[in-house]
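Novice: Below you'll find the structure I mean.
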Amino acid sequence: KTSFILEVLDGAASAAVASFPICIGANPDLGPKYAAGDNRTPEGAYRVTEILSGDAPPGTSAYDKLAAMNRFLFRAREGHFKFGRPDVDLGRGAYGSRFFRLSYPNAADRRRLADRRRAGDPARSPGYGIAIHGTNDAPAIGPPASSGCIRLRNVDVVTLDRWIRVGTPVIIEH
């Protein structure tokens, strides 16, 4: 996370075959996600559980779900604004051209939340919906600016698609 780079590794050689600049959660401490709404990106081992694509045939679940998500209007007054421009709506198309849902939360994430609760944190849910996806706000790639997801430029998330399948392992490290 601290390098703001997503690397695709060749499983056999553990060598990077591609790398892309990313945006992660907007929480300035860059700590691991533990609760809904904390603007953190999780850390740990996950799997891709769903792939949505703007290039899938219309009428398929992969296309229709992403199209519906991208129709949602994200408003600045609700905290969803263009990077560095708090008065400008993020708008529609916030998820870009691909959406790779991750298996967040996992057992370690649930334990992290339970530990925080025992320490007096009132957080109720670890959250859900964490993904690697494109964005309609390319200037936000680089600094921490998302609500917890990993964002890539649309051209990069389309390129990344060649290595992603349901079940692909994803390791997120600090």
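Ordering of the structure tokens sets the chain letters (A, B, ...); residue numbers start at 1 within each chain; ligands are numbered from 1 in the order shown.
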I want to know what sits within 12 Å of Asp115 of chain A, based on only C-alpha atoms, with residues of the same chain fewer than 5 positions away left out; could you give that as a list in words?

Specialist: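 Near Asp115 of chain A, the qualifying residues are Tyr34, Ala35, Ala108, Asp109, Arg110, Gly120, Asp121, Pro122, Ala123, Arg124 and Pro126 of chain A.
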
Novice: Include all heavy atoms and write out the residues we just selected as a compact mmCIF listing (two decimals), in the first residue's frame.

Specialist:
```txt
# COMPACT_ATOMS: atom_id res chain seq x y z
N TYR A 34 -10.64 -1.85 9.41
CA TYR A 34 -11.24 -2.67 10.45
C TYR A 34 -12.73 -2.44 10.57
O TYR A 34 -13.43 -3.25 11.17
CB TYR A 34 -10.55 -2.47 11.81
CG TYR A 34 -10.78 -1.11 12.42
CD1 TYR A 34 -11.87 -0.87 13.24
CD2 TYR A 34 -9.90 -0.08 12.18
CE1 TYR A 34 -12.08 0.38 13.79
CE2 TYR A 34 -10.10 1.17 12.73
CZ TYR A 34 -11.19 1.40 13.54
OH TYR A 34 -11.40 2.62 14.07
N ALA A 35 -13.25 -1.35 9.99
CA ALA A 35 -14.68 -1.09 10.14
C ALA A 35 -15.23 -0.33 8.94
O ALA A 35 -14.51 0.41 8.27
CB ALA A 35 -14.92 -0.28 11.41
N ALA A 108 -9.39 -12.93 9.49
CA ALA A 108 -8.45 -12.00 10.16
C ALA A 108 -9.07 -10.61 10.30
O ALA A 108 -8.86 -9.93 11.32
CB ALA A 108 -7.14 -11.94 9.39
N ASP A 109 -9.82 -10.18 9.30
CA ASP A 109 -10.48 -8.88 9.39
C ASP A 109 -11.53 -8.87 10.49
O ASP A 109 -11.65 -7.89 11.25
CB ASP A 109 -11.15 -8.53 8.05
CG ASP A 109 -10.15 -8.41 6.92
OD1 ASP A 109 -9.11 -7.74 7.10
OD2 ASP A 109 -10.41 -8.99 5.85
N ARG A 110 -12.27 -9.96 10.63
CA ARG A 110 -13.27 -10.04 11.69
C ARG A 110 -12.61 -10.05 13.07
O ARG A 110 -13.12 -9.43 14.01
CB ARG A 110 -14.14 -11.29 11.50
CG ARG A 110 -15.09 -11.16 10.31
CD ARG A 110 -16.02 -12.38 10.20
NE ARG A 110 -16.72 -12.38 8.95
CZ ARG A 110 -16.26 -12.91 7.81
NH1 ARG A 110 -15.10 -13.52 7.77
NH2 ARG A 110 -16.99 -12.86 6.72
N GLY A 120 -12.80 -1.04 23.22
CA GLY A 120 -13.73 0.06 23.42
C GLY A 120 -14.18 0.79 22.17
O GLY A 120 -14.94 1.75 22.26
N ASP A 121 -13.74 0.36 21.00
CA ASP A 121 -14.17 1.00 19.75
C ASP A 121 -15.63 0.61 19.49
O ASP A 121 -15.97 -0.57 19.57
CB ASP A 121 -13.28 0.53 18.59
CG ASP A 121 -13.46 1.33 17.33
OD1 ASP A 121 -14.62 1.46 16.88
OD2 ASP A 121 -12.46 1.82 16.78
N PRO A 122 -16.50 1.55 19.16
CA PRO A 122 -17.91 1.23 18.95
C PRO A 122 -18.24 0.66 17.56
O PRO A 122 -19.41 0.42 17.27
CB PRO A 122 -18.60 2.58 19.14
CG PRO A 122 -17.59 3.57 18.69
CD PRO A 122 -16.26 3.00 19.12
N ALA A 123 -17.25 0.45 16.72
CA ALA A 123 -17.50 -0.03 15.36
C ALA A 123 -18.35 -1.29 15.38
O ALA A 123 -18.12 -2.19 16.17
CB ALA A 123 -16.18 -0.30 14.64
N ARG A 124 -19.33 -1.36 14.50
CA ARG A 124 -20.27 -2.47 14.50
C ARG A 124 -20.03 -3.46 13.37
O ARG A 124 -20.37 -4.62 13.48
CB ARG A 124 -21.70 -1.95 14.38
CG ARG A 124 -22.12 -1.07 15.54
CD ARG A 124 -23.52 -0.57 15.30
NE ARG A 124 -24.51 -0.58 16.31
CZ ARG A 124 -24.78 -1.45 17.26
NH1 ARG A 124 -24.07 -2.47 17.40
NH2 ARG A 124 -25.76 -1.31 18.09
N PRO A 126 -17.42 -4.79 9.90
CA PRO A 126 -16.15 -4.63 9.20
C PRO A 126 -16.33 -4.00 7.81
O PRO A 126 -15.37 -3.62 7.17
CB PRO A 126 -15.62 -6.07 9.07
CG PRO A 126 -16.85 -6.91 9.08
CD PRO A 126 -17.83 -6.20 9.97
```

Novice: What gap, in Å, lies between atom CA of Phe20 of chain A and atom CA of Ala67 of chain A?

Specialist: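 A separation of 24.1 Å between them.
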
Novice: Can you pull out every residue within 10 Å of segment 144-155 of chain A, counting only C-alpha atoms, but drop anything in the same chain fewer than 5 positions away, and send it as a PyMOL selection string?

Specialist: chain A and resi 1-2+4-6+20-30+32-33+36-42+79-84+94-102+127-139+160+172

Novice: Show me, as CSV, the residues of segment 134-167 of chain A having an atom within 10 Å of segment 46-62 of chain A, each with the closest atom pair and its distance in Å, using only C-alpha atoms.

Specialist:
```
residue,atom,partner,partner_atom,distance
A:Val158,CA,A:Ser53,CA,8.8
A:Asp161,CA,A:Ile51,CA,9.0
A:Ile164,CA,A:Val48,CA,7.8
A:Arg165,CA,A:Val48,CA,7.0
A:Val166,CA,A:Val48,CA,5.1
A:Gly167,CA,A:Val48,CA,5.1
```

Novice: So that I have them on file, write out the residues from the current selection with N, CA and C atoms, as a PDB file, in the first residue's frame.

Specialist:
```
ATOM      1  N   VAL A 158      -8.247  -2.277 -17.319  1.00  0.00           N
ATOM      2  CA  VAL A 158      -8.564  -3.119 -18.475  1.00  0.00           C
ATOM      3  C   VAL A 158      -7.380  -4.027 -18.800  1.00  0.00           C
ATOM      4  N   ASP A 161      -7.072  -6.912 -16.364  1.00  0.00           N
ATOM      5  CA  ASP A 161      -8.096  -7.938 -16.576  1.00  0.00           C
ATOM      6  C   ASP A 161      -7.532  -9.234 -17.165  1.00  0.00           C
ATOM      7  N   ILE A 164      -6.708 -11.646 -14.306  1.00  0.00           N
ATOM      8  CA  ILE A 164      -7.678 -11.845 -13.224  1.00  0.00           C
ATOM      9  C   ILE A 164      -8.758 -12.841 -13.630  1.00  0.00           C
ATOM     10  N   ARG A 165      -9.042 -13.753 -12.731  1.00  0.00           N
ATOM     11  CA  ARG A 165     -10.140 -14.709 -12.852  1.00  0.00           C
ATOM     12  C   ARG A 165     -10.797 -14.808 -11.473  1.00  0.00           C
ATOM     13  N   VAL A 166     -12.023 -15.280 -11.416  1.00  0.00           N
ATOM     14  CA  VAL A 166     -12.623 -15.550 -10.101  1.00  0.00           C
ATOM     15  C   VAL A 166     -11.706 -16.566  -9.410  1.00  0.00           C
ATOM     16  N   GLY A 167     -11.339 -16.269  -8.192  1.00  0.00           N
ATOM     17  CA  GLY A 167     -10.424 -17.118  -7.422  1.00  0.00           C
ATOM     18  C   GLY A 167      -8.987 -16.633  -7.422  1.00  0.00           C
TER      19      GLY A 167
END
```

Novice: A:His174, A:Thr159, A:Ala140, A:Pro169: which is nearest Leu9 of chain A, counting only C-alpha atoms?

Specialist: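 Among A:His174, A:Thr159, A:Ala140, A:Pro169, it is A:Pro169 that comes nearest to Leu9 of chain A.
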
Novice: From a backbone DSSP assignment, name each residue in segment 9-174 of chain A labelled strand (DSSP E or B), as a ChimeraX atom specification.

Specialist: /A:9-10,15-21,23,25,44-53,74,81-82,85-89,91,98-102,131-133,146,150-151,169-172

Novice: Between atom CA of Ile171 of chain A and atom CA of Asp156 of chain A, what distance in Å does the model show, to one decimal?

Specialist: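 Separation of atom CA of Ile171 of chain A and atom CA of Asp156 of chain A: 18.4 Å.
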
Novice: Using only C-alpha atoms, which of the listed residues (A:Leu113, A:Met69, A:Ala45, A:Val157) sits closest to Glu173 of chain A?

Specialist: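 Nearest to Glu173 of chain A: A:Ala45.
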
Novice: Any idea what the distance is between atom CA of Ala18 of chain A and atom CA of Arg162 of chain A?

Specialist: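 Taking atom CA of Ala18 of chain A and atom CA of Arg162 of chain A, their separation equals 11.0 Å.
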